[in-house]
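Okay, run.cif is below, mmCIF, C-alpha atoms, pLDDT in the B column; chains and numbers go by the auth columns:
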```cif
data_input
#
loop_
_atom_site.group_PDB
_atom_site.id
_atom_site.type_symbol
_atom_site.label_atom_id
_atom_site.label_comp_id
_atom_site.label_asym_id
_atom_site.label_seq_id
_atom_site.Cartn_x
_atom_site.Cartn_y
_atom_site.Cartn_z
_atom_site.B_iso_or_equiv
_atom_site.auth_seq_id
_atom_site.auth_asym_id
ATOM 1 C CA MET A 1 88.587 62.744 175.453 57.00 1 A
ATOM 2 C CA SER A 2 85.354 62.846 173.511 76.00 2 A
ATOM 3 C CA ARG A 3 84.401 59.958 171.250 89.00 3 A
ATOM 4 C CA VAL A 4 82.962 62.405 168.720 96.00 4 A
ATOM 5 C CA SER A 5 84.635 65.491 167.295 96.00 5 A
ATOM 6 C CA TYR A 6 82.757 68.504 166.037 97.00 6 A
ATOM 7 C CA GLN A 7 84.205 67.768 162.605 97.00 7 A
ATOM 8 C CA PHE A 8 82.622 64.286 162.672 97.00 8 A
ATOM 9 C CA TYR A 9 79.313 65.869 163.639 97.00 9 A
ATOM 10 C CA LEU A 10 79.456 68.241 160.670 97.00 10 A
ATOM 11 C CA THR A 11 80.808 65.921 157.992 97.00 11 A
ATOM 12 C CA GLU A 12 79.799 62.341 158.834 97.00 12 A
ATOM 13 C CA TYR A 13 76.569 62.902 160.759 97.00 13 A
ATOM 14 C CA GLU A 14 75.847 66.002 158.662 97.00 14 A
ATOM 15 C CA GLY A 15 74.584 67.864 161.694 97.00 15 A
ATOM 16 C CA GLU A 16 73.652 71.524 161.508 96.00 16 A
ATOM 17 C CA LEU A 17 71.794 72.184 164.746 97.00 17 A
ATOM 18 C CA ILE A 18 74.566 72.569 167.324 97.00 18 A
ATOM 19 C CA PRO A 19 76.960 75.521 166.950 97.00 19 A
ATOM 20 C CA GLU A 20 80.619 74.881 167.703 97.00 20 A
ATOM 21 C CA PRO A 21 80.743 76.964 170.933 97.00 21 A
ATOM 22 C CA ALA A 22 78.032 74.734 172.451 97.00 22 A
ATOM 23 C CA TRP A 23 79.511 71.448 171.197 97.00 23 A
ATOM 24 C CA LYS A 24 81.812 70.484 174.073 96.00 24 A
ATOM 25 C CA GLN A 25 79.300 71.014 176.865 96.00 25 A
ATOM 26 C CA THR A 26 76.523 69.297 174.930 97.00 26 A
ATOM 27 C CA MET A 27 78.706 66.285 174.103 97.00 27 A
ATOM 28 C CA ILE A 28 79.798 65.931 177.737 96.00 28 A
ATOM 29 C CA LYS A 29 76.122 65.627 178.701 96.00 29 A
ATOM 30 C CA ALA A 30 75.399 63.168 175.882 96.00 30 A
ATOM 31 C CA GLU A 31 78.347 60.981 176.857 96.00 31 A
ATOM 32 C CA SER A 32 77.295 60.965 180.504 95.00 32 A
ATOM 33 C CA TYR A 33 73.950 59.425 179.517 94.00 33 A
ATOM 34 C CA LEU A 34 75.652 56.777 177.406 94.00 34 A
ATOM 35 C CA ASP A 35 78.357 56.016 179.967 92.00 35 A
ATOM 36 C CA SER A 36 75.712 55.355 182.610 91.00 36 A
ATOM 37 C CA ILE A 37 74.356 52.347 180.695 91.00 37 A
ATOM 38 C CA MET A 38 77.244 51.208 178.519 92.00 38 A
ATOM 39 C CA TYR A 39 78.881 48.043 179.785 89.00 39 A
ATOM 40 C CA VAL A 40 82.003 47.877 177.576 90.00 40 A
ATOM 41 C CA GLU A 41 83.937 50.307 175.417 91.00 41 A
ATOM 42 C CA PRO A 42 83.210 50.211 171.679 93.00 42 A
ATOM 43 C CA ASP A 43 85.598 48.529 169.285 93.00 43 A
ATOM 44 C CA GLU A 44 86.324 49.438 165.650 93.00 44 A
ATOM 45 C CA LYS A 45 83.125 47.756 164.494 94.00 45 A
ATOM 46 C CA THR A 46 80.776 49.435 166.991 94.00 46 A
ATOM 47 C CA LEU A 47 82.439 52.850 167.322 95.00 47 A
ATOM 48 C CA PRO A 48 80.591 54.402 164.325 96.00 48 A
ATOM 49 C CA LYS A 49 77.217 53.422 165.836 96.00 49 A
ATOM 50 C CA VAL A 50 78.260 54.964 169.139 96.00 50 A
ATOM 51 C CA GLN A 51 79.349 58.163 167.391 97.00 51 A
ATOM 52 C CA PHE A 52 76.098 58.530 165.446 97.00 52 A
ATOM 53 C CA CYS A 53 74.141 57.754 168.610 97.00 53 A
ATOM 54 C CA LEU A 54 75.996 60.452 170.539 97.00 54 A
ATOM 55 C CA CYS A 55 75.364 62.993 167.781 98.00 55 A
ATOM 56 C CA GLU A 56 71.622 62.365 167.887 97.00 56 A
ATOM 57 C CA VAL A 57 71.518 62.471 171.693 97.00 57 A
ATOM 58 C CA ALA A 58 73.543 65.705 171.655 97.00 58 A
ATOM 59 C CA GLU A 59 71.064 67.294 169.243 97.00 59 A
ATOM 60 C CA LEU A 60 68.155 66.275 171.457 95.00 60 A
ATOM 61 C CA LEU A 61 69.861 67.726 174.546 95.00 61 A
ATOM 62 C CA TYR A 62 70.792 70.924 172.733 96.00 62 A
ATOM 63 C CA GLN A 63 67.249 71.377 171.399 93.00 63 A
ATOM 64 C CA ASN A 64 65.828 70.783 174.880 89.00 64 A
ATOM 65 C CA GLU A 65 68.149 73.454 176.271 91.00 65 A
ATOM 66 C CA GLN A 66 67.121 75.914 173.548 91.00 66 A
ATOM 67 C CA ASN A 67 63.427 75.270 174.229 83.00 67 A
ATOM 68 C CA LYS A 68 63.967 75.996 177.930 81.00 68 A
ATOM 69 C CA LYS A 69 65.700 79.267 177.067 84.00 69 A
ATOM 70 C CA LYS A 70 62.777 80.337 174.860 80.00 70 A
ATOM 71 C CA SER A 71 60.322 79.776 177.697 69.00 71 A
ATOM 72 C CA GLY A 72 62.431 81.491 180.343 71.00 72 A
ATOM 73 C CA GLY A 73 63.602 78.224 181.865 62.00 73 A
ATOM 74 C CA ARG A 74 60.068 77.031 182.466 61.00 74 A
ATOM 75 C CA ASP A 75 58.674 73.786 181.088 60.00 75 A
ATOM 76 C CA VAL A 76 55.722 74.158 178.762 57.00 76 A
ATOM 77 C CA LEU A 77 52.861 71.893 179.779 54.00 77 A
ATOM 78 C CA SER A 78 50.624 72.768 176.819 57.00 78 A
ATOM 79 C CA GLU A 79 50.460 75.272 173.995 60.00 79 A
ATOM 80 C CA ASN A 80 47.566 76.426 171.827 62.00 80 A
ATOM 81 C CA THR A 81 48.225 78.418 168.674 58.00 81 A
ATOM 82 C CA ASP A 82 44.575 79.137 167.869 65.00 82 A
ATOM 83 C CA GLY A 83 44.413 82.115 170.207 63.00 83 A
ATOM 84 C CA TYR A 84 47.974 81.594 171.343 71.00 84 A
ATOM 85 C CA SER A 85 48.115 80.526 174.937 68.00 85 A
ATOM 86 C CA VAL A 86 50.792 78.681 176.851 62.00 86 A
ATOM 87 C CA THR A 87 50.388 76.743 180.081 61.00 87 A
ATOM 88 C CA TYR A 88 53.544 76.269 182.098 57.00 88 A
ATOM 89 C CA ALA A 89 54.116 73.390 184.476 56.00 89 A
ATOM 90 C CA THR A 90 54.380 74.057 188.185 57.00 90 A
ATOM 91 C CA GLU A 91 57.789 73.527 189.740 55.00 91 A
ATOM 92 C CA ALA A 92 56.880 70.041 190.998 55.00 92 A
ATOM 93 C CA GLU A 93 55.373 69.045 187.648 53.00 93 A
ATOM 94 C CA ALA A 94 58.211 70.592 185.681 51.00 94 A
ATOM 95 C CA GLY A 95 60.926 68.553 187.320 52.00 95 A
ATOM 96 C CA LYS A 96 59.041 65.318 186.871 54.00 96 A
ATOM 97 C CA ILE A 97 57.953 66.038 183.295 51.00 97 A
ATOM 98 C CA ASN A 98 61.313 67.278 182.095 53.00 98 A
ATOM 99 C CA ILE A 99 63.460 64.562 183.632 56.00 99 A
ATOM 100 C CA ASN A 100 61.177 61.677 182.776 68.00 100 A
ATOM 101 C CA SER A 101 60.414 62.658 179.197 84.00 101 A
ATOM 102 C CA LEU A 102 63.970 63.751 178.352 87.00 102 A
ATOM 103 C CA ASP A 103 65.475 60.616 179.890 89.00 103 A
ATOM 104 C CA LYS A 104 62.985 58.452 178.039 91.00 104 A
ATOM 105 C CA LYS A 105 63.824 60.116 174.716 93.00 105 A
ATOM 106 C CA VAL A 106 67.582 59.841 175.301 94.00 106 A
ATOM 107 C CA TYR A 107 67.435 56.168 176.273 93.00 107 A
ATOM 108 C CA THR A 108 65.178 55.406 173.307 94.00 108 A
ATOM 109 C CA ILE A 109 67.819 56.837 170.971 96.00 109 A
ATOM 110 C CA ILE A 110 70.602 54.905 172.710 95.00 110 A
ATOM 111 C CA ARG A 111 68.673 51.646 172.529 94.00 111 A
ATOM 112 C CA ARG A 112 67.796 52.186 168.867 96.00 112 A
ATOM 113 C CA TYR A 113 71.458 52.499 167.918 96.00 113 A
ATOM 114 C CA LEU A 114 73.088 50.116 170.378 95.00 114 A
ATOM 115 C CA ASP A 115 70.621 47.427 171.471 92.00 115 A
ATOM 116 C CA PHE A 116 72.249 44.619 169.492 91.00 116 A
ATOM 117 C CA THR A 117 75.898 45.624 169.921 92.00 117 A
ATOM 118 C CA ASN A 118 76.527 43.990 173.331 91.00 118 A
ATOM 119 C CA LEU A 119 77.729 47.387 174.590 93.00 119 A
ATOM 120 C CA LEU A 120 74.822 48.116 176.884 90.00 120 A
ATOM 121 C CA TYR A 121 74.401 46.733 180.378 80.00 121 A
ATOM 122 C CA ALA A 122 71.967 43.829 180.181 75.00 122 A
ATOM 123 C CA GLY A 123 71.106 43.698 183.884 68.00 123 A
ATOM 124 C CA VAL A 124 71.425 40.831 186.297 51.00 124 A
#
```

Here is the file; what I need is its structure written in the form of structure tokens.
Amino acid sequence: MSRVSYQFYLTEYEGELIPEPAWKQTMIKAESYLDSIMYVEPDEKTLPKVQFCLCEVAELLYQNEQNKKKSGGRDVLSENTDGYSVTYATEAEAGKININSLDKKVYTIIRRYLDFTNLLYAGV
């Protein structure tokens, strides 16, 4: 069961970006990122931080998916609006750019919300 309902997203987080039909799939992806580095389950005190964190990660993932759809599934390497030109990444570049930058953004959000909660794995 999801830690965050669509109703929470709309009312508490005051989110507007993700439509309800896309909510479940997007939240599953957001929770998979968090679950990969969370060491313990949140308690009453830390659950709100986890919920807000998941909402922000879900919005980032949803926006990334929408951007890929706009560019036909290709990753944009650079864009110039002066004469409007777009440079797309090659397949090898695209995989590296997309995974590394998206992961970095997701983990930055998670750390911002949860660094001092003792929920995240601290390493050996």

Exercise for review: Using only C-alpha atoms, pick whichever of A:Gln51, A:Ser101, A:Glu41, A:Val57 has the shortest atom-to-atom distance to Ser5 (chain A).
Suggested key: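 Closest to Ser5 (chain A) of all the choices is A:Gln51.
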
Practice item. List every protein, DNA or RNA residue with an atom no more than 9 Å from (75.9, 71.6, 164.1) in the file's coordinates, counting all atoms listed in the file, and format the result as a list in words. Key: Tyr6, Tyr9, Leu10, Glu14, Gly15, Glu16, Leu17, Ile18, Pro19, Glu20, Trp23 and Glu59 of chain A

Exercise for review: Find the distance between CA of Val50 (chain A) and CA of Met38 (chain A) and write it in Å to one decimal.
Suggested key: 10.2 Å

Revision key, fill the gap. CA of Leu120 (chain A) sits from CA of Val106 (chain A) at a separation of 13.9 Å

Check your understanding: What is the distance, in Å and to one decimal place, between CA of Ser32 (chain A) and CA of Gln7 (chain A)?
Key ->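 CA of Gln7 (chain A) lies 20.4 Å from CA of Ser32 (chain A).
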
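Nearest residue to Cys53 (chain A), choosing from A:Gln25, A:Leu34, A:Glu12, A:Gly72 and counting only C-alpha atoms: A:Leu34.
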
Practice item. Select, from A:Tyr121, A:Tyr107, A:Tyr33, A:Tyr13, the residue with the minimum atom-to-atom distance to Lys49 (chain A), counting all atoms listed in the file. Key: A:Tyr13

Around all of region 58-63 of chain A's listed atoms, make the axis-aligned box with 3 Å on each side and tell me centre and edge lengths in Å to one decimal, as lines of an AutoDock Vina configuration file.
```
center_x = 70.4
center_y = 68.5
center_z = 171.9
size_x = 12.3
size_y = 11.7
size_z = 11.3
```

Point to revise | Output of the PyMOL selection byres ((chain A and resi 61) around 9), listed as a list in words | key: Thr26, Met27, Lys29, Ala30, Glu56, Val57, Ala58, Glu59, Leu60, Tyr62, Gln63, Asn64, Glu65, Gln66, Leu102 and Val106 of chain A

Ground truth for the PyMOL selection byres ((chain A and resi 39) around 12), written as an mmCIF file with C-alpha atoms, keeping the file's coordinate frame:
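Saved result, expr29.cif, follows:
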```
data_model
loop_
_atom_site.group_PDB
_atom_site.id
_atom_site.type_symbol
_atom_site.label_atom_id
_atom_site.label_comp_id
_atom_site.auth_asym_id
_atom_site.auth_seq_id
_atom_site.Cartn_x
_atom_site.Cartn_y
_atom_site.Cartn_z
ATOM 1 C CA LEU A 34 75.652 56.777 177.406
ATOM 2 C CA ASP A 35 78.357 56.016 179.967
ATOM 3 C CA SER A 36 75.712 55.355 182.610
ATOM 4 C CA ILE A 37 74.356 52.347 180.695
ATOM 5 C CA MET A 38 77.244 51.208 178.519
ATOM 6 C CA VAL A 40 82.003 47.877 177.576
ATOM 7 C CA GLU A 41 83.937 50.307 175.417
ATOM 8 C CA PRO A 42 83.210 50.211 171.679
ATOM 9 C CA LEU A 114 73.088 50.116 170.378
ATOM 10 C CA ASP A 115 70.621 47.427 171.471
ATOM 11 C CA THR A 117 75.898 45.624 169.921
ATOM 12 C CA ASN A 118 76.527 43.990 173.331
ATOM 13 C CA LEU A 119 77.729 47.387 174.590
ATOM 14 C CA LEU A 120 74.822 48.116 176.884
ATOM 15 C CA TYR A 121 74.401 46.733 180.378
ATOM 16 C CA ALA A 122 71.967 43.829 180.181
ATOM 17 C CA GLY A 123 71.106 43.698 183.884
#
```
